[in-house]
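Colleague: Input: one structure, supplied below.
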Amino acid sequence: MTIVEERPATAEVPPPRRPNPLWTLLRNSWRQLTSMRTALVLLFLLAVAAIPGSYFPQYAVNRERVSQYYTAHPQLAPWVERLGGFDVFASPWFAAIYLLLFTSLIGCVLPRLRDHVRALRTVPPDAPKRMDRLPQHAPATARPEDPAAAAESLARMLRRKMFRTRVVELPDGGFSVAAEKGYLKETGNLLFHFALLAVLIGVGFGHWYGWHGNRLLVAGADQGFCNSITQYDDSALGPRVTAADLPKFCLRMTDFEATYQSTGQAKSFLATVEVKEGSGAYRKASFTVNDPLRLHHANVHLIGQGYAPVLRYTDRYGVTQEKVVAFLPVDGMQTSEGVAQFPDVNIDPATNKRDDQLQVGFEGVYLPTGGTDGSATSKFPAENNPVLYLAAYRGNLGLDVGKTGSVYALDRGQINSGALKKVSGERPYVLRPGETLTLDDGTKLEFVGTRQFATLSIRYDPTQSLLLVGAVLGLIGLMLSLFGHRRRVWFRVLPANGQETGGSVIEAGGLPRTDYPGFAAEFAALTRPAAEDGHAEEGTP
């Protein structure tokens with residue numbers, strides 16, 4: 001009889017599924033982006049990307065300095081403009097680094113927070129069987145107490161030293177005392193990263209809902225300033241802010257004082273203003289560089305100062321016009337350059353028509369302290385020997401309606417085309433306060449004196465408090481992460497063999513979870529009480 005063995009049919013094993021290459025690429029890219037190494041690289045790139053913002057003048061801070069950079073570097077400035085060098089913090093490449101860093105931090109911090117919470121809820125593990133293999137080990141030592149009392153004494157000692165302690169009774173009548181310390185290191189690390197996220201969020205929302213503007217005010221002049229877009233020299237509103245959202249206030253500068261050291265370095269600045277908020281009355285207020293004027297939803301900062309010569313021009317018909325023109329400083333000694341333009345002069349009273357070819361403009365240099373060598377450079381920023389050098393021009397100033405140009409320089413196109421001609425000769429006129437010069441057509445210009453001006457930066461950042469809190473918490477978290485060290489200590493307490501009166505034998509071990517050079521000394525201090533209270537004899541647990 002033949003027995004035929006029937007084997008069960010084996011099911012065909014399907015071939016392994018090949019992972020989607022696109023999904024694999026996205027998953028690996030996300031892991032790489034959310035790694036701590038990538039976050040550190042992006043943070044470094046953000047710091048490097050901010051360097052041009054501190055090197056090149058920025059539109060958001062001072063447009064006049066950008067214009068001066070164009071004048072000083074006519075070939076380089078257009079390239080800097082194309083690369084966003086004059087508006088670094090609003091450029092697309094800076095925003096790309098910013099957003100990548102924000103995403104990387106979120107993807108890196110949230111899993112670490114989850115693991116840290118899980119570790120905080122996990123009790124310290126029991127003592128390992130072979131503690132002699134640990135980096136720190138204290139041989140077994142006899143003590144007169146029974147194991148329960150010795151374990152409780154060790155637990156109290158560890159708790160006093162801020163260790164998380166767990167005591168477990170062993171099956172052989174002994175006890176395991178496990179202790180852990182140093183979670184503040186990871187807590188500080190996470191606090192630092194969350195504070196950095198808060199700063200990034202604050203910067204982003206501050207850009208959206210904040211605004212700023214610059215305005216030059218002359219001290220003692222009749223001009224006032226109200227918080228309106230049209231009254232700023234330059235301004236920028238956040239994407240979520242409209243002109244109607246600006247707070248209502250007006251101010252006028254009544255006085256400005258500046259003091260200097262003997263070297264010419266600025267010592268102090270004090271601006272005195274009259275300010276009115278809303279429909280209230282004017283009140284006096286003073287502020288300095290490091291103590292801005294704080295208003296409702298606006299802070300007024302001092303960012304610059306200089307001198308404004310007062311010039312009085314008398315035309316050929318005896319009509320007098322007086323102007324206070326700010327000259328912008330070009331060095332630390334307040335050597336200043338500026339322009340005084342008189343377009344509405346030499347108007348024939350018979351026809352009451354303006355002849356554009358008889359407009360007058362003066363450009364020059366003001367020295368608060370002129371030297372005896374005749375150089376056009378001030379020797380000291382205070383007005384010890386004020387001198388004004390002027391060049392006179394007559395013709396069409398090019399101040400047509402709708403035509404843009406700088407109020408601090410004559411139109412070079414008009415000069416090059418011959419529409420505006422120089423009438424002062426090769427050497428400039430030299431004037432001191434109170435002196436008058438007479439031009440070739442009999443018109444006169446008097447240098448009345450000077451007034452000081454201040455450049456004000458008025459800004460509002462709704463997330464300023466968040467940035468301050470984030471910076472403080474970041475420093476706290478950084479200190480905790482630098483000075484915190486996670487480590488574990490175990491004590492195994494077993495009944496002593498061969499002792500009629502009881503007693504116990506204690507063996508200890510320690511393991512640093514991070515690089516901690518001082519752990520050996522700390523472990524020796526923790527295990528010393530056990531050795532001193534015992535009989536200093538080694539035994540076998």
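Residues in the structure tokens are named by chain (A, B, ... in the order shown) and by number from 1 within that chain; ligands are numbered from 1 in the order shown.
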Can you pull out the residues contacting Ile51 of chain A? Cut-off 12 Å, using only C-alpha atoms, and skip same-chain residues under 6 positions away; I want them as a ChimeraX atom specification.
Modeller: /A:44-45,57-58,85-86,88-89,94
Colleague: Write the residues of the preceding selection, restricted to all heavy atoms, as a compact mmCIF listing (two decimals), in the first residue's frame.
Modeller:
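Final file, result.txt:
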# COMPACT_ATOMS: atom_id res chain seq x y z
N PHE A 44 22.57 80.13 12.47
CA PHE A 44 23.82 80.77 12.08
C PHE A 44 23.63 81.56 10.78
O PHE A 44 24.12 82.70 10.65
CB PHE A 44 24.90 79.71 11.90
CG PHE A 44 26.21 80.25 11.36
CD1 PHE A 44 27.06 80.98 12.16
CD2 PHE A 44 26.57 80.02 10.03
CE1 PHE A 44 28.25 81.48 11.67
CE2 PHE A 44 27.75 80.51 9.53
CZ PHE A 44 28.60 81.24 10.35
N LEU A 45 22.90 80.98 9.82
CA LEU A 45 22.64 81.69 8.57
C LEU A 45 21.83 82.96 8.80
O LEU A 45 22.05 83.99 8.15
CB LEU A 45 21.92 80.77 7.59
CG LEU A 45 22.75 79.66 6.94
CD1 LEU A 45 21.87 78.81 6.03
CD2 LEU A 45 23.91 80.25 6.15
N PRO A 57 23.06 101.14 5.04
CA PRO A 57 21.93 101.91 5.57
C PRO A 57 20.62 101.30 5.11
O PRO A 57 20.52 100.76 4.01
CB PRO A 57 22.16 103.31 4.99
CG PRO A 57 23.01 103.10 3.78
CD PRO A 57 23.89 101.92 4.09
N GLN A 58 19.59 101.41 5.95
CA GLN A 58 18.32 100.77 5.68
C GLN A 58 17.24 101.83 5.46
O GLN A 58 17.18 102.84 6.15
CB GLN A 58 17.92 99.86 6.84
CG GLN A 58 18.90 98.73 7.10
CD GLN A 58 18.98 97.74 5.98
OE1 GLN A 58 18.01 97.03 5.69
NE2 GLN A 58 20.13 97.68 5.31
N GLY A 85 19.82 94.90 -0.24
CA GLY A 85 20.73 95.28 0.83
C GLY A 85 20.30 96.49 1.61
O GLY A 85 20.74 96.68 2.75
N PHE A 86 19.41 97.33 1.04
CA PHE A 86 18.92 98.50 1.75
C PHE A 86 17.60 98.23 2.48
O PHE A 86 17.07 99.11 3.14
CB PHE A 86 18.72 99.67 0.79
CG PHE A 86 20.00 100.13 0.15
CD1 PHE A 86 20.08 100.32 -1.22
CD2 PHE A 86 21.14 100.36 0.91
CE1 PHE A 86 21.25 100.74 -1.82
CE2 PHE A 86 22.32 100.78 0.32
CZ PHE A 86 22.38 100.97 -1.05
N VAL A 88 17.05 94.81 4.15
CA VAL A 88 17.44 93.42 4.37
C VAL A 88 16.33 92.63 5.05
O VAL A 88 15.97 91.52 4.63
CB VAL A 88 18.73 93.36 5.22
CG1 VAL A 88 19.01 91.95 5.69
CG2 VAL A 88 19.91 93.87 4.39
N PHE A 89 15.76 93.19 6.11
CA PHE A 89 14.84 92.42 6.94
C PHE A 89 13.47 92.25 6.31
O PHE A 89 12.61 91.58 6.89
CB PHE A 89 14.74 93.07 8.31
CG PHE A 89 16.08 93.24 8.98
CD1 PHE A 89 16.69 94.47 9.06
CD2 PHE A 89 16.75 92.14 9.48
CE1 PHE A 89 17.93 94.62 9.65
CE2 PHE A 89 17.99 92.27 10.07
CZ PHE A 89 18.59 93.51 10.16
N PHE A 94 15.87 86.79 3.19
CA PHE A 94 15.89 86.80 4.65
C PHE A 94 14.62 86.14 5.20
O PHE A 94 14.67 85.39 6.18
CB PHE A 94 15.99 88.24 5.16
CG PHE A 94 16.24 88.35 6.64
CD1 PHE A 94 17.53 88.32 7.15
CD2 PHE A 94 15.18 88.47 7.52
CE1 PHE A 94 17.76 88.40 8.51
CE2 PHE A 94 15.40 88.56 8.89
CZ PHE A 94 16.70 88.51 9.38
Colleague: Show me, as a list of chain:residue names, the residues that have an atom within 12 Å of Asp115 of chain A when counting only C-alpha atoms, minus same-chain residues fewer than 4 positions from it.
Modeller: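 Here the answer would be A:Cys108, A:Val109, A:Leu110, A:Pro111, A:Ala119, A:Leu120, A:Arg121, A:Thr122, A:Tyr183, A:Glu186, A:Thr187, A:Leu190.
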Colleague: For those residues, write N, CA, C and O atoms to a file as a compact mmCIF listing (two decimals), in the first residue's frame.
Modeller:
# COMPACT_ATOMS: atom_id res chain seq x y z
N CYS A 108 11.50 70.35 15.63
CA CYS A 108 12.54 69.80 16.51
C CYS A 108 12.12 69.82 17.97
O CYS A 108 12.38 68.88 18.72
N VAL A 109 11.43 70.88 18.39
CA VAL A 109 11.14 71.07 19.80
C VAL A 109 9.95 70.24 20.26
O VAL A 109 9.98 69.67 21.37
N LEU A 110 8.92 70.14 19.46
CA LEU A 110 7.72 69.43 19.91
C LEU A 110 7.98 67.96 20.24
O LEU A 110 7.54 67.47 21.29
N PRO A 111 8.69 67.18 19.38
CA PRO A 111 8.99 65.80 19.80
C PRO A 111 9.87 65.73 21.06
O PRO A 111 9.69 64.84 21.90
N ALA A 119 9.76 61.42 30.13
CA ALA A 119 10.85 61.12 31.06
C ALA A 119 10.57 61.63 32.46
O ALA A 119 10.94 60.99 33.46
N LEU A 120 9.91 62.78 32.57
CA LEU A 120 9.57 63.31 33.90
C LEU A 120 8.56 62.42 34.61
O LEU A 120 8.57 62.32 35.85
N ARG A 121 7.69 61.80 33.85
CA ARG A 121 6.68 60.93 34.46
C ARG A 121 7.20 59.52 34.73
O ARG A 121 6.54 58.73 35.41
N THR A 122 8.37 59.19 34.21
CA THR A 122 8.94 57.86 34.40
C THR A 122 9.78 57.85 35.68
O THR A 122 10.59 58.74 35.91
N TYR A 183 17.21 67.04 35.40
CA TYR A 183 16.24 67.27 34.34
C TYR A 183 16.17 68.74 33.93
O TYR A 183 15.62 69.06 32.88
N GLU A 186 17.58 69.57 30.30
CA GLU A 186 16.69 69.46 29.15
C GLU A 186 15.57 70.49 29.24
O GLU A 186 15.13 71.03 28.22
N THR A 187 15.11 70.78 30.46
CA THR A 187 14.09 71.81 30.63
C THR A 187 14.61 73.16 30.15
O THR A 187 13.92 73.90 29.45
N LEU A 190 14.83 73.19 26.31
CA LEU A 190 13.53 73.40 25.69
C LEU A 190 13.03 74.82 25.92
O LEU A 190 12.44 75.43 25.03
Colleague: Counting only C-alpha atoms, which residue out of A:Pro78, A:Pro147, A:Gly84, A:Gly413 sits closest to Pro52 of chain A?
Modeller: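 When distances to Pro52 of chain A are compared using only C-alpha atoms, the smallest one comes from A:Gly84.
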Colleague: Can you tell me, as an NGL selection string, which residues in segment 443-522 of chain A count as strand (DSSP E or B) by DSSP?
Modeller: :A and (444-460 or 487-495 or 504-512)
Colleague: Could you tell me which of A:Arg312, A:Pro349, A:Asp331, A:Glu274 comes closest to Gly434 of chain A if we count only C-alpha atoms?
Modeller: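 For Gly434 of chain A, the nearest of the candidates is A:Arg312.
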Colleague: Could you write out, as a ChimeraX atom specification, all the residues of segment 137-225 of chain A that DSSP marks as helix (DSSP H, G or I)?
Modeller: /A:147-160,183-209
Colleague: Env of Trp211 of chain A: 10 Å cut, atoms = only C-alpha atoms, seq-sep filter 4 positions within chain, self excluded. Answer as a list in words.
Modeller: Ala60, Gly206, His207, Ser235, Ala236, Leu237, Gly238, Pro239, Arg240, Val241, Thr242, Ala243, Asp245, Leu246, Ala298, Ile458, Arg459, Tyr460, Asp461 and Pro462 of chain A
Colleague: Write the residues you've just listed into a file as a PDB file, in the first residue's frame, and include C-alpha atoms for each of them.
Modeller:
ATOM      1  CA  ALA A  60      13.315 101.538   7.377  1.00  0.00           C
ATOM      2  CA  GLY A 206       5.638  93.103  15.068  1.00  0.00           C
ATOM      3  CA  HIS A 207       6.334  93.504  11.358  1.00  0.00           C
ATOM      4  CA  SER A 235       7.567 106.006   6.952  1.00  0.00           C
ATOM      5  CA  ALA A 236       6.539 102.373   6.693  1.00  0.00           C
ATOM      6  CA  LEU A 237       3.326 100.704   7.858  1.00  0.00           C
ATOM      7  CA  GLY A 238       2.948  97.016   8.559  1.00  0.00           C
ATOM      8  CA  PRO A 239       0.837  94.962   6.138  1.00  0.00           C
ATOM      9  CA  ARG A 240      -2.032  94.921   8.672  1.00  0.00           C
ATOM     10  CA  VAL A 241      -1.872  98.649   9.480  1.00  0.00           C
ATOM     11  CA  THR A 242      -3.585 101.511   7.649  1.00  0.00           C
ATOM     12  CA  ALA A 243      -3.074 105.249   7.980  1.00  0.00           C
ATOM     13  CA  ASP A 245      -4.901 103.166  12.631  1.00  0.00           C
ATOM     14  CA  LEU A 246      -2.172 105.608  13.683  1.00  0.00           C
ATOM     15  CA  ALA A 298       3.965 105.096  20.033  1.00  0.00           C
ATOM     16  CA  ILE A 458       8.581 107.307  15.957  1.00  0.00           C
ATOM     17  CA  ARG A 459       7.616 103.670  16.057  1.00  0.00           C
ATOM     18  CA  TYR A 460       5.201 101.176  17.526  1.00  0.00           C
ATOM     19  CA  ASP A 461       5.799  97.458  18.053  1.00  0.00           C
ATOM     20  CA  PRO A 462       2.850  95.600  19.653  1.00  0.00           C
TER      21      PRO A 462
END
Colleague: If you count only C-alpha atoms, which residues fall within 9 Å of Arg394 of chain A, apart from same-chain ones fewer than 6 positions away, as a list of chain:residue names?
Modeller: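 Close residues of Arg394 of chain A: A:Gln357, A:Leu358, A:Gln359, A:Val360, A:Gly361, A:Phe362, A:Ala419, A:Leu420, A:Lys421, A:Lys422, A:Val423.
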Colleague: Could the residues in this selection be written to a file with C-alpha atoms, as a short mmCIF file (atom, residue, chain, number, x, y, z; two decimals), in the first residue's frame?
Modeller:
data_model
loop_
_atom_site.label_atom_id
_atom_site.label_comp_id
_atom_site.auth_asym_id
_atom_site.auth_seq_id
_atom_site.Cartn_x
_atom_site.Cartn_y
_atom_site.Cartn_z
CA GLN A 357 15.09 131.73 -14.60
CA LEU A 358 15.54 134.04 -11.59
CA GLN A 359 15.14 131.40 -8.91
CA VAL A 360 18.04 131.25 -6.44
CA GLY A 361 19.64 128.34 -4.66
CA PHE A 362 22.56 128.03 -2.28
CA ALA A 419 19.34 125.71 -16.66
CA LEU A 420 20.86 126.47 -13.24
CA LYS A 421 24.09 128.43 -13.36
CA LYS A 422 26.67 129.08 -10.69
CA VAL A 423 27.13 132.78 -9.95
#
